[in-house]
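Everything below belongs to input.pdb, which stores PDB, C-alpha atoms and all ligand atoms.
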ATOM      1  CA  MET A  15     140.167  25.408 -58.945
ATOM      2  CA  VAL A  16     140.561  22.749 -56.255
ATOM      3  CA  SER A  17     139.723  23.515 -52.648
ATOM      4  CA  ALA A  18     142.612  24.267 -50.279
ATOM      5  CA  LEU A  19     140.702  23.196 -47.163
ATOM      6  CA  ALA A  20     142.782  22.547 -44.072
ATOM      7  CA  ASP A  21     142.941  18.898 -43.044
ATOM      8  CA  LYS A  22     140.794  17.503 -40.205
ATOM      9  CA  SER A  23     143.551  17.299 -37.582
ATOM     10  CA  ASP A  24     144.017  21.038 -38.006
ATOM     11  CA  ILE A  25     140.315  21.740 -37.486
ATOM     12  CA  ARG A  26     140.285  19.707 -34.229
ATOM     13  CA  LYS A  27     142.867  21.972 -32.614
ATOM     14  CA  LYS A  28     140.844  25.103 -33.262
ATOM     15  CA  ILE A  29     139.804  27.494 -30.520
ATOM     16  CA  VAL A  30     136.206  28.653 -30.962
ATOM     17  CA  ALA A  31     136.710  32.415 -31.138
ATOM     18  CA  TYR A  32     134.945  35.020 -33.227
ATOM     19  CA  PRO A  33     134.959  38.810 -33.655
ATOM     20  CA  PHE A  34     134.344  40.599 -30.335
ATOM     21  CA  VAL A  35     132.984  43.672 -32.159
ATOM     22  CA  LYS A  36     130.388  44.135 -34.858
ATOM     23  CA  TRP A  37     132.330  45.655 -37.718
ATOM     24  CA  ALA A  38     131.269  47.110 -41.066
ATOM     25  CA  GLY A  39     132.526  44.852 -43.844
ATOM     26  CA  GLY A  40     132.949  41.920 -41.449
ATOM     27  CA  LYS A  41     133.752  38.694 -43.287
ATOM     28  CA  ARG A  42     131.923  36.078 -41.219
ATOM     29  CA  LEU A  43     129.441  35.271 -44.001
ATOM     30  CA  LEU A  44     132.195  34.704 -46.569
ATOM     31  CA  ILE A  45     134.492  32.509 -44.507
ATOM     32  CA  ASN A  46     133.286  29.240 -46.035
ATOM     33  CA  GLU A  47     134.006  30.589 -49.518
ATOM     34  CA  TYR A  48     137.420  31.937 -48.531
ATOM     35  CA  ARG A  49     138.519  28.585 -47.115
ATOM     36  CA  LYS A  50     138.423  27.188 -50.675
ATOM     37  CA  TYR A  51     140.866  29.776 -51.934
ATOM     38  CA  PHE A  52     143.196  30.453 -49.029
ATOM     39  CA  PRO A  53     146.551  28.658 -48.885
ATOM     40  CA  LEU A  54     146.937  25.737 -46.467
ATOM     41  CA  LYS A  55     148.098  26.787 -43.018
ATOM     42  CA  GLY A  56     151.469  25.039 -43.181
ATOM     43  CA  SER A  57     152.293  26.536 -46.572
ATOM     44  CA  TYR A  58     153.287  30.010 -45.331
ATOM     45  CA  ILE A  59     155.483  31.390 -42.576
ATOM     46  CA  THR A  60     153.899  34.561 -41.175
ATOM     47  CA  TYR A  61     150.275  35.590 -41.730
ATOM     48  CA  PHE A  62     149.617  39.326 -42.212
ATOM     49  CA  GLU A  63     146.237  41.003 -41.966
ATOM     50  CA  PRO A  64     146.830  44.756 -42.464
ATOM     51  CA  PHE A  65     143.120  45.806 -42.436
ATOM     52  CA  LEU A  66     142.169  43.707 -39.414
ATOM     53  CA  GLY A  67     138.762  45.167 -38.442
ATOM     54  CA  GLY A  68     136.716  42.559 -36.569
ATOM     55  CA  GLY A  69     139.301  39.910 -37.546
ATOM     56  CA  ALA A  70     136.854  37.253 -38.820
ATOM     57  CA  VAL A  71     139.483  35.761 -41.149
ATOM     58  CA  PHE A  72     142.203  35.710 -38.501
ATOM     59  CA  PHE A  73     139.865  33.963 -36.046
ATOM     60  CA  ASP A  74     139.123  31.367 -38.696
ATOM     61  CA  LEU A  75     142.697  30.768 -39.859
ATOM     62  CA  GLN A  76     144.320  30.792 -36.399
ATOM     63  CA  PRO A  77     147.881  30.996 -37.757
ATOM     64  CA  GLU A  78     150.871  30.145 -35.553
ATOM     65  CA  LYS A  79     152.615  33.429 -36.358
ATOM     66  CA  ALA A  80     150.862  36.638 -37.359
ATOM     67  CA  ILE A  81     151.206  40.390 -37.634
ATOM     68  CA  LEU A  82     147.823  42.113 -37.412
ATOM     69  CA  MET A  83     147.366  45.797 -38.213
ATOM     70  CA  ASP A  84     144.645  48.407 -38.374
ATOM     71  CA  ILE A  85     144.702  52.192 -38.512
ATOM     72  CA  ASN A  86     141.872  52.459 -35.980
ATOM     73  CA  GLU A  87     143.602  53.217 -32.678
ATOM     74  CA  GLU A  88     140.692  52.313 -30.419
ATOM     75  CA  LEU A  89     140.139  48.984 -32.147
ATOM     76  CA  ILE A  90     143.806  48.014 -31.886
ATOM     77  CA  ASN A  91     143.917  49.116 -28.247
ATOM     78  CA  ALA A  92     141.031  46.704 -27.554
ATOM     79  CA  TYR A  93     142.907  43.776 -29.171
ATOM     80  CA  LYS A  94     146.039  44.616 -27.177
ATOM     81  CA  VAL A  95     144.152  44.826 -23.889
ATOM     82  CA  ILE A  96     142.462  41.461 -24.568
ATOM     83  CA  GLN A  97     145.942  40.088 -25.225
ATOM     84  CA  SER A  98     147.629  41.561 -22.146
ATOM     85  CA  ASN A  99     145.024  42.315 -19.435
ATOM     86  CA  LEU A 100     141.772  40.508 -20.030
ATOM     87  CA  GLU A 101     140.805  40.610 -16.337
ATOM     88  CA  GLY A 102     141.000  44.405 -16.284
ATOM     89  CA  LEU A 103     138.822  44.586 -19.376
ATOM     90  CA  ILE A 104     136.224  42.191 -17.951
ATOM     91  CA  LEU A 105     135.911  44.391 -14.842
ATOM     92  CA  GLU A 106     135.254  47.409 -17.058
ATOM     93  CA  LEU A 107     132.634  45.583 -19.123
ATOM     94  CA  LYS A 108     130.923  44.305 -15.962
ATOM     95  CA  ARG A 109     130.616  47.887 -14.739
ATOM     96  CA  HIS A 110     129.120  49.018 -18.067
ATOM     97  CA  LYS A 111     126.745  46.074 -18.119
ATOM     98  CA  GLU A 112     125.443  46.896 -14.629
ATOM     99  CA  ASN A 113     124.941  50.583 -15.401
ATOM    100  CA  HIS A 114     123.658  50.335 -18.959
ATOM    101  CA  CYS A 115     120.750  52.655 -19.794
ATOM    102  CA  GLU A 116     120.284  55.456 -22.304
ATOM    103  CA  LYS A 117     121.637  58.187 -20.007
ATOM    104  CA  TYR A 118     124.682  56.097 -19.087
ATOM    105  CA  TYR A 119     125.380  55.261 -22.764
ATOM    106  CA  TYR A 120     125.637  58.963 -23.655
ATOM    107  CA  GLN A 121     127.729  59.685 -20.568
ATOM    108  CA  VAL A 122     130.266  57.036 -21.573
ATOM    109  CA  ARG A 123     130.100  57.979 -25.248
ATOM    110  CA  ASN A 124     130.988  61.562 -24.308
ATOM    111  CA  TRP A 125     134.114  60.658 -22.322
ATOM    112  CA  ASP A 126     136.187  61.514 -25.387
ATOM    113  CA  ARG A 127     134.987  65.142 -25.196
ATOM    114  CA  LEU A 128     136.535  65.596 -21.734
ATOM    115  CA  PRO A 129     140.102  66.830 -21.166
ATOM    116  CA  ASP A 130     141.040  63.856 -18.944
ATOM    117  CA  TYR A 131     140.176  61.265 -21.622
ATOM    118  CA  LYS A 132     143.837  60.975 -22.571
ATOM    119  CA  ASP A 133     144.608  59.894 -18.979
ATOM    120  CA  ARG A 134     142.152  56.981 -19.050
ATOM    121  CA  THR A 135     143.817  53.571 -18.867
ATOM    122  CA  PRO A 136     143.973  51.295 -21.928
ATOM    123  CA  GLU A 137     141.503  48.994 -20.116
ATOM    124  CA  GLU A 138     139.016  51.855 -19.605
ATOM    125  CA  LYS A 139     139.317  52.853 -23.260
ATOM    126  CA  ALA A 140     138.911  49.276 -24.479
ATOM    127  CA  GLY A 141     135.921  48.717 -22.175
ATOM    128  CA  ARG A 142     134.272  51.880 -23.479
ATOM    129  CA  PHE A 143     135.002  50.903 -27.081
ATOM    130  CA  ILE A 144     133.452  47.438 -26.755
ATOM    131  CA  TYR A 145     130.526  48.711 -24.641
ATOM    132  CA  LEU A 146     129.639  51.365 -27.234
ATOM    133  CA  ASN A 147     130.050  48.871 -30.084
ATOM    134  CA  ARG A 148     127.627  46.408 -28.488
ATOM    135  CA  THR A 149     124.969  48.980 -27.603
ATOM    136  CA  CYS A 150     125.151  51.641 -30.327
ATOM    137  CA  PHE A 151     123.120  51.914 -33.523
ATOM    138  CA  ASN A 152     124.077  49.010 -35.830
ATOM    139  CA  GLY A 153     127.502  48.513 -34.224
ATOM    140  CA  LEU A 154     128.621  51.552 -36.182
ATOM    141  CA  TYR A 155     131.992  53.184 -35.535
ATOM    142  CA  ARG A 156     131.888  56.845 -36.432
ATOM    143  CA  VAL A 157     133.758  59.860 -35.148
ATOM    144  CA  ASN A 158     133.410  63.516 -36.116
ATOM    145  CA  ARG A 159     136.196  65.805 -37.321
ATOM    146  CA  ASN A 160     137.467  66.187 -33.769
ATOM    147  CA  GLY A 161     137.650  62.445 -33.309
ATOM    148  CA  HIS A 162     134.588  62.406 -31.024
ATOM    149  CA  ASN A 163     132.282  59.402 -31.239
ATOM    150  CA  ASN A 164     128.849  60.559 -32.427
ATOM    151  CA  VAL A 165     126.901  57.304 -32.880
ATOM    152  CA  PRO A 166     123.432  57.248 -31.261
ATOM    153  CA  ILE A 167     122.307  54.443 -28.967
ATOM    154  CA  GLY A 168     120.869  51.340 -30.697
ATOM    155  CA  ARG A 169     117.485  49.771 -30.030
ATOM    156  CA  TYR A 170     118.463  46.484 -28.379
ATOM    157  CA  LYS A 171     116.412  44.857 -25.633
ATOM    158  CA  ASN A 172     119.249  42.877 -24.153
ATOM    159  CA  PRO A 173     122.607  43.674 -25.769
ATOM    160  CA  LYS A 174     125.459  41.280 -24.949
ATOM    161  CA  ILE A 175     127.891  43.731 -23.384
ATOM    162  CA  LEU A 176     130.106  41.108 -21.758
ATOM    163  CA  ASP A 177     130.679  37.927 -23.772
ATOM    164  CA  ARG A 178     133.118  36.433 -21.293
ATOM    165  CA  GLU A 179     133.555  33.059 -22.977
ATOM    166  CA  ASN A 180     134.450  34.514 -26.353
ATOM    167  CA  LEU A 181     136.813  37.080 -24.804
ATOM    168  CA  ILE A 182     138.635  34.290 -22.957
ATOM    169  CA  ASN A 183     138.984  32.346 -26.215
ATOM    170  CA  VAL A 184     140.185  35.438 -28.103
ATOM    171  CA  HIS A 185     142.722  36.034 -25.319
ATOM    172  CA  GLU A 186     143.945  32.467 -25.624
ATOM    173  CA  LEU A 187     144.405  32.895 -29.356
ATOM    174  CA  LEU A 188     146.311  36.161 -28.939
ATOM    175  CA  ASP A 189     148.366  35.279 -25.871
ATOM    176  CA  GLY A 190     148.676  31.487 -25.921
ATOM    177  CA  ASP A 191     151.437  29.500 -27.586
ATOM    178  CA  LYS A 192     151.137  31.421 -30.844
ATOM    179  CA  ASP A 193     153.301  34.379 -31.872
ATOM    180  CA  ILE A 194     150.821  37.211 -32.542
ATOM    181  CA  ARG A 195     151.886  40.846 -32.932
ATOM    182  CA  ILE A 196     149.266  43.606 -33.094
ATOM    183  CA  ILE A 197     150.153  47.047 -34.488
ATOM    184  CA  ASN A 198     148.204  50.296 -34.841
ATOM    185  CA  THR A 199     149.467  51.524 -38.176
ATOM    186  CA  ASP A 200     148.780  52.152 -41.847
ATOM    187  CA  TYR A 201     148.576  49.026 -44.040
ATOM    188  CA  LYS A 202     151.623  50.102 -46.084
ATOM    189  CA  GLU A 203     153.818  49.165 -43.087
ATOM    190  CA  VAL A 204     153.338  45.575 -44.215
ATOM    191  CA  LEU A 205     156.146  46.278 -46.702
ATOM    192  CA  LYS A 206     158.529  46.672 -43.744
ATOM    193  CA  TYR A 207     157.874  43.175 -42.463
ATOM    194  CA  ALA A 208     156.554  40.766 -45.102
ATOM    195  CA  GLU A 209     159.051  38.420 -46.763
ATOM    196  CA  LYS A 210     159.112  35.635 -49.305
ATOM    197  CA  GLY A 211     156.977  32.714 -48.098
ATOM    198  CA  ASP A 212     154.573  34.861 -46.021
ATOM    199  CA  PHE A 213     150.831  35.187 -46.656
ATOM    200  CA  VAL A 214     149.153  38.613 -46.710
ATOM    201  CA  TYR A 215     145.361  39.017 -46.708
ATOM    202  CA  PHE A 216     144.059  42.535 -47.460
ATOM    203  CA  ASP A 217     140.469  43.505 -46.659
ATOM    204  CA  PRO A 218     140.373  47.251 -47.322
ATOM    205  CA  PRO A 219     137.326  49.501 -47.256
ATOM    206  CA  TYR A 220     135.778  48.527 -50.598
ATOM    207  CA  TYR A 221     136.030  50.471 -53.818
ATOM    208  CA  PRO A 222     132.695  52.291 -53.922
ATOM    209  CA  LEU A 223     130.080  50.877 -56.285
ATOM    210  CA  ASP A 224     128.090  54.075 -55.927
ATOM    211  CA  ASP A 225     128.078  57.265 -53.865
ATOM    212  CA  THR A 226     126.445  55.618 -50.870
ATOM    213  CA  SER A 227     128.984  52.816 -50.312
ATOM    214  CA  PHE A 228     130.473  52.884 -46.840
ATOM    215  CA  THR A 229     134.225  53.656 -46.872
ATOM    216  CA  SER A 230     134.845  55.645 -43.702
ATOM    217  CA  TYR A 231     136.155  53.858 -40.579
ATOM    218  CA  THR A 232     138.275  56.677 -39.205
ATOM    219  CA  LYS A 233     138.496  60.394 -39.778
ATOM    220  CA  ASN A 234     139.940  59.722 -43.256
ATOM    221  CA  ASP A 235     138.187  58.064 -46.164
ATOM    222  CA  PHE A 236     139.781  55.391 -48.357
ATOM    223  CA  GLY A 237     139.344  56.675 -51.899
ATOM    224  CA  PRO A 238     140.323  55.718 -55.491
ATOM    225  CA  GLU A 239     143.922  56.932 -55.057
ATOM    226  CA  ASP A 240     144.300  54.762 -51.967
ATOM    227  CA  HIS A 241     143.107  51.790 -54.024
ATOM    228  CA  GLU A 242     145.713  52.549 -56.706
ATOM    229  CA  LYS A 243     148.438  52.659 -54.046
ATOM    230  CA  LEU A 244     147.122  49.452 -52.490
ATOM    231  CA  ALA A 245     147.341  47.677 -55.864
ATOM    232  CA  GLU A 246     151.007  48.779 -56.065
ATOM    233  CA  VAL A 247     151.655  47.365 -52.599
ATOM    234  CA  PHE A 248     149.919  44.106 -53.652
ATOM    235  CA  MET A 249     152.188  43.832 -56.726
ATOM    236  CA  GLU A 250     155.312  44.655 -54.708
ATOM    237  CA  LEU A 251     154.530  41.786 -52.311
ATOM    238  CA  HIS A 252     153.807  39.536 -55.299
ATOM    239  CA  LYS A 253     157.279  40.300 -56.701
ATOM    240  CA  ARG A 254     158.794  39.561 -53.313
ATOM    241  CA  GLY A 255     157.387  36.029 -53.367
ATOM    242  CA  CYS A 256     154.612  36.481 -50.804
ATOM    243  CA  LYS A 257     151.225  34.858 -51.258
ATOM    244  CA  VAL A 258     148.696  37.685 -51.454
ATOM    245  CA  ALA A 259     144.891  37.712 -51.301
ATOM    246  CA  LEU A 260     142.653  40.777 -51.376
ATOM    247  CA  SER A 261     138.898  41.286 -51.042
ATOM    248  CA  ASN A 262     137.151  44.092 -52.859
ATOM    249  CA  SER A 263     133.897  45.126 -54.443
ATOM    250  CA  SER A 264     133.144  44.228 -58.058
ATOM    251  CA  ALA A 265     133.590  47.824 -59.274
ATOM    252  CA  GLU A 266     134.972  48.007 -62.859
ATOM    253  CA  GLU A 267     138.033  49.887 -61.575
ATOM    254  CA  VAL A 268     139.023  46.953 -59.366
ATOM    255  CA  TYR A 269     139.229  44.612 -62.389
ATOM    256  CA  LYS A 270     141.503  47.166 -64.081
ATOM    257  CA  LEU A 271     143.751  47.642 -61.044
ATOM    258  CA  TYR A 272     144.560  43.920 -60.845
ATOM    259  CA  ASP A 273     144.704  43.074 -64.544
ATOM    260  CA  TYR A 274     148.126  41.351 -64.503
ATOM    261  CA  ASP A 275     149.445  37.963 -65.594
ATOM    262  CA  GLY A 276     149.556  35.570 -62.664
ATOM    263  CA  ILE A 277     146.771  37.348 -60.789
ATOM    264  CA  ASP A 278     143.364  35.626 -60.536
ATOM    265  CA  ILE A 279     140.184  37.591 -59.933
ATOM    266  CA  ILE A 280     137.544  35.288 -58.417
ATOM    267  CA  PRO A 281     133.887  36.398 -58.126
ATOM    268  CA  LEU A 282     132.202  35.341 -54.875
ATOM    269  CA  TYR A 283     128.606  35.801 -53.829
ATOM    270  CA  ALA A 284     128.132  37.152 -50.321
ATOM    271  CA  ARG A 285     124.903  36.676 -48.466
ATOM    272  CA  ARG A 286     123.651  39.877 -46.931
ATOM    273  CA  SER A 287     121.372  39.850 -43.910
ATOM    274  CA  ILE A 288     119.479  42.837 -45.309
ATOM    275  CA  ASN A 289     117.232  42.220 -48.362
ATOM    276  CA  SER A 290     118.356  38.635 -48.816
ATOM    277  CA  ASN A 291     115.936  35.794 -49.526
ATOM    278  CA  SER A 292     116.075  32.152 -50.543
ATOM    279  CA  ASN A 293     116.057  32.961 -54.289
ATOM    280  CA  GLY A 294     119.559  34.327 -53.933
ATOM    281  CA  ARG A 295     118.271  37.820 -54.526
ATOM    282  CA  GLY A 296     120.103  40.192 -52.274
ATOM    283  CA  SER A 297     123.395  38.315 -52.567
ATOM    284  CA  ILE A 298     126.154  40.651 -53.597
ATOM    285  CA  LYS A 299     129.033  39.892 -55.921
ATOM    286  CA  GLU A 300     132.412  40.558 -54.379
ATOM    287  CA  LEU A 301     135.891  39.811 -55.638
ATOM    288  CA  LEU A 302     138.723  37.816 -54.159
ATOM    289  CA  ILE A 303     142.020  38.571 -55.895
ATOM    290  CA  ILE A 304     144.904  36.136 -55.441
ATOM    291  CA  ASN A 305     148.408  35.683 -56.820
ATOM    292  CA  TYR A 306     148.825  31.960 -56.045
ATOM    293  CA  GLY A 307     146.029  30.509 -58.221
ATOM    294  CA  SER A 308     148.425  28.223 -60.123
ATOM    295  CA  GLU A 309     149.387  26.581 -56.827
ATOM    296  CA  LEU A 310     145.734  25.826 -56.049
ATOM    297  CA  LYS A 311     145.176  24.396 -59.552
ATOM    298  CA  ASN A 312     148.101  21.980 -59.079
ATOM    299  CA  LYS A 313     146.789  20.515 -55.823
TER     300      LYS A 313
HETATM  301  C1  LIG B 401     136.538  46.096 -44.454
HETATM  302  S1  LIG B 401     137.180  46.479 -42.868
HETATM  303  C2  LIG B 401     137.938  44.963 -42.438
HETATM  304  C3  LIG B 401     136.907  43.991 -41.984
HETATM  305  C4  LIG B 401     137.471  42.707 -41.413
HETATM  306  N1  LIG B 401     138.044  41.847 -42.421
HETATM  307  C5  LIG B 401     136.399  41.951 -40.637
HETATM  308  O1  LIG B 401     136.132  40.763 -40.924
HETATM  309  O2  LIG B 401     135.817  42.547 -39.719
HETATM  310  C6  LIG B 401     138.499  47.572 -43.227
HETATM  311  C7  LIG B 401     139.401  47.955 -42.035
HETATM  312  O3  LIG B 401     140.494  48.716 -42.564
HETATM  313  C8  LIG B 401     140.879  49.695 -41.611
HETATM  314  N2  LIG B 401     141.628  50.719 -42.351
HETATM  315  C9  LIG B 401     141.159  51.749 -43.117
HETATM  316  N3  LIG B 401     142.169  52.432 -43.680
HETATM  317  C10 LIG B 401     143.307  51.821 -43.276
HETATM  318  C11 LIG B 401     144.687  52.026 -43.530
HETATM  319  N4  LIG B 401     145.111  53.020 -44.310
HETATM  320  N5  LIG B 401     145.592  51.194 -42.973
HETATM  321  C12 LIG B 401     145.187  50.175 -42.149
HETATM  322  N6  LIG B 401     143.885  49.929 -41.864
HETATM  323  C13 LIG B 401     142.958  50.734 -42.411
HETATM  324  C14 LIG B 401     139.578  50.141 -40.985
HETATM  325  O4  LIG B 401     139.809  50.674 -39.698
HETATM  326  C15 LIG B 401     138.763  48.834 -40.957
HETATM  327  O5  LIG B 401     138.897  48.187 -39.723
END
Please render this file's structure as structure tokens.
Amino acid sequence: MVSALADKSDIRKKIVAYPFVKWAGGKRLLINEYRKYFPLKGSYITYFEPFLGGGAVFFDLQPEKAILMDINEELINAYKVIQSNLEGLILELKRHKENHCEKYYYQVRNWDRLPDYKDRTPEEKAGRFIYLNRTCFNGLYRVNRNGHNNVPIGRYKNPKILDRENLINVHELLDGDKDIRIINTDYKEVLKYAEKGDFVYFDPPYYPLDDTSFTSYTKNDFGPEDHEKLAEVFMELHKRGCKVALSNSSAEEVYKLYDYDGIDIIPLYARRSINSNSNGRGSIKELLIINYGSELKNK
């Protein structure tokens, strides 16, 4: 398959922005591989990313028009605040940076156990969300049954709580001359908006390879039935004439779910920071599933 790399003039215009949170399943290490298989920027109308997470792919593609979604309310609130009131957010992060210590971390973490949490401003909530993400154990997002964050503090000497330059660049991407809409909703809402000629990239919590695979980002897990439903949504968009790409683990069930004519299942090898070495041991096979492979072959 021939590479679908964007041309050089496109690369020159890029804003240097990257995920402002550490996020489980983040795609930064796979971006170079994805570029070979993603459609050229000018070849679709609206870009959809319904499982946005840290947004590594969005920050790389920098589409002119996009609808970004995630079911995690706090994450989406942070994107919206960066889009609409970056100054307010920076003030919050400055305050957290100045006060950061173990006692303060737990005080801020426990805000969501207090009755007035609902009255906090979006900027306060976004500041807390980013502060906890940068200072907690492994950048983990985890809430208990009551929706209360229960992640312990991480062991960082000098965590970067306020990355002003990146936040400014992310703001420019979200609020500049591009048309970017951010929605806190379930991925299936994509069916309400996506039309022929659009490009949809799905990066769901992966199909578990074993019992220990991480699939929980909110109070609800994403299980085998959700993957079956997601495959139906993928095929519905395919019928509509959208370009669709989806990342998933290499579980046997995933091959079965996407075993259709016109759908290509491409194995990719992801480097992992844990257990990886120069022999390639520790690299993990993942799948990229696309419905526009014939277009790439004809390039
Ligand atoms: C694998 S992560 C995406 C990672 C992202 N591509 C990145 O580079 O950081 C999956 C995301 O899906 C979100 N999610 C889980 N269930 C969802 C649902 N039903 N609808 C929309 N988003 C969902 C999670 O909150 C999480 O952010």
How would you report the residues lying within 8 Å of ligand LIG 401 (chain B), as a PyMOL selection string, if you count all atoms listed in the file? chain A and resi 33+36-42+64-71+83-86+89+198-202+216-220+230-232+234-236+240
Specify as a short mmCIF file (atom, residue, chain, number, x, y, z; two decimals) with C-alpha atoms, in the frame of the given file each residue included when the PyMOL selection byres (((chain A and resi 256) around 7) and not hetatm) is applied to this file.
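Done, and the output landed in selection.cif:
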data_model
loop_
_atom_site.label_atom_id
_atom_site.label_comp_id
_atom_site.auth_asym_id
_atom_site.auth_seq_id
_atom_site.Cartn_x
_atom_site.Cartn_y
_atom_site.Cartn_z
CA GLU A 209 159.05 38.42 -46.76
CA LYS A 210 159.11 35.64 -49.30
CA GLY A 211 156.98 32.71 -48.10
CA ASP A 212 154.57 34.86 -46.02
CA PHE A 213 150.83 35.19 -46.66
CA LEU A 251 154.53 41.79 -52.31
CA HIS A 252 153.81 39.54 -55.30
CA ARG A 254 158.79 39.56 -53.31
CA GLY A 255 157.39 36.03 -53.37
CA LYS A 257 151.22 34.86 -51.26
CA VAL A 258 148.70 37.68 -51.45
#
Starting from the displayed file, determine the output of the PyMOL selection byres (((chain A and resi 190) around 12) and not hetatm) and express the residue list as a list of chain:residue names.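 The output of the PyMOL selection byres (((chain A and resi 190) around 12) and not hetatm) on this file is A:Ile29, A:Gln76, A:Pro77, A:Glu78, A:Lys79, A:Ile96, A:Gln97, A:Ser98, A:Ile182, A:Asn183, A:Val184, A:His185, A:Glu186, A:Leu187, A:Leu188, A:Asp189, A:Asp191, A:Lys192, A:Asp193, A:Ile194.
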Any idea what the distance is between CA of Val95 in chain A and CA of Leu205 in chain A?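 For CA of Val95 in chain A relative to CA of Leu205 in chain A, the distance reads 25.8 Å.
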So which residues get picked by the PyMOL selection byres (((chain A and resi 48) around 12) and not hetatm) here, written as a PyMOL selection string? chain A and resi 17-20+41-47+49-54+70-72+74-75+215+259-261+280-284+300-304
Leu154 in chain A: which residues within 7 Å, counting only C-alpha atoms, same-chain residues fewer than 4 positions away excluded, as a PyMOL selection string? chain A and resi 147+150+165
Contacts of Gly102 in chain A within 9 Å, all atoms listed in the file, excl. fewer than 4 positions in-chain, as JSON, numbers by chain: {"A": [95, 96, 106, 107, 137, 138, 141]}
How about saving the chosen residues, C-alpha atoms kept, as a PDB file, in the frame of the given file?
ATOM      1  CA  VAL A  95     144.152  44.826 -23.889  1.00  0.00           C
ATOM      2  CA  ILE A  96     142.462  41.461 -24.568  1.00  0.00           C
ATOM      3  CA  GLU A 106     135.254  47.409 -17.058  1.00  0.00           C
ATOM      4  CA  LEU A 107     132.634  45.583 -19.123  1.00  0.00           C
ATOM      5  CA  GLU A 137     141.503  48.994 -20.116  1.00  0.00           C
ATOM      6  CA  GLU A 138     139.016  51.855 -19.605  1.00  0.00           C
ATOM      7  CA  GLY A 141     135.921  48.717 -22.175  1.00  0.00           C
TER       8      GLY A 141
END
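Between CA of Val35 in chain A and CA of Gly153 in chain A the separation is 7.6 Å.
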Polymer residues at most 9 Å from range 162-164 of chain A, only C-alpha atoms, same-chain spacing of 2 or more positions, as a VMD selection string: chain A and resid 123 to 127 155 to 160 166
Selection as a ChimeraX atom specification: residues within 12 Å of (117.6, 52.1, -18.7), counting all atoms listed in the file: /A:110-120,149,167,169-172
Which of A:Glu63, A:Glu101, A:Glu203, A:Glu242 sits closest to Lys270 in chain A [using all atoms listed in the file]: A:Glu242
What does the distance between CA of Phe62 in chain A and CA of Leu271 in chain A come to in Å, to one decimal place?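 CA of Leu271 in chain A lies at a distance of 21.4 Å from CA of Phe62 in chain A.
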Of the listed residues A:Gly161, A:Pro136, A:Pro238, A:Gly168, that which approaches Glu266 in chain A most closely, counting only C-alpha atoms: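 Checking each candidate against Glu266 in chain A, we get A:Pro238 as the closest.
Considering only C-alpha atoms, the residue among A:Val204, A:Lys108, A:Ile144, A:Ile277 positioned nearest to Leu244 in chain A is A:Val204.
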Give me range 233-244 of chain A with N, CA and C atoms filled in, as a short mmCIF file (atom, residue, chain, number, x, y, z; two decimals), in the frame of the given file.
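And here's result.cif as it stands now:
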data_model
loop_
_atom_site.label_atom_id
_atom_site.label_comp_id
_atom_site.auth_asym_id
_atom_site.auth_seq_id
_atom_site.Cartn_x
_atom_site.Cartn_y
_atom_site.Cartn_z
N LYS A 233 138.76 59.04 -39.31
CA LYS A 233 138.50 60.39 -39.78
C LYS A 233 138.75 60.51 -41.28
N ASN A 234 139.59 59.60 -41.84
CA ASN A 234 139.94 59.72 -43.26
C ASN A 234 139.26 58.65 -44.09
N ASP A 235 138.79 59.04 -45.27
CA ASP A 235 138.19 58.06 -46.16
C ASP A 235 139.26 57.29 -46.92
N PHE A 236 138.86 56.19 -47.55
CA PHE A 236 139.78 55.39 -48.36
C PHE A 236 139.26 55.50 -49.79
N GLY A 237 139.88 56.34 -50.59
CA GLY A 237 139.34 56.68 -51.90
C GLY A 237 140.07 56.00 -53.05
N PRO A 238 139.73 56.34 -54.30
CA PRO A 238 140.32 55.72 -55.49
C PRO A 238 141.86 55.76 -55.51
N GLU A 239 142.45 56.87 -55.06
CA GLU A 239 143.92 56.93 -55.06
C GLU A 239 144.51 55.94 -54.07
N ASP A 240 143.82 55.76 -52.94
CA ASP A 240 144.30 54.76 -51.97
C ASP A 240 144.24 53.36 -52.58
N HIS A 241 143.21 53.11 -53.39
CA HIS A 241 143.11 51.79 -54.02
C HIS A 241 144.22 51.58 -55.05
N GLU A 242 144.59 52.67 -55.75
CA GLU A 242 145.71 52.55 -56.71
C GLU A 242 146.99 52.21 -55.96
N LYS A 243 147.23 52.90 -54.84
CA LYS A 243 148.44 52.66 -54.05
C LYS A 243 148.43 51.23 -53.50
N LEU A 244 147.24 50.81 -53.04
CA LEU A 244 147.12 49.45 -52.49
C LEU A 244 147.46 48.39 -53.55
#
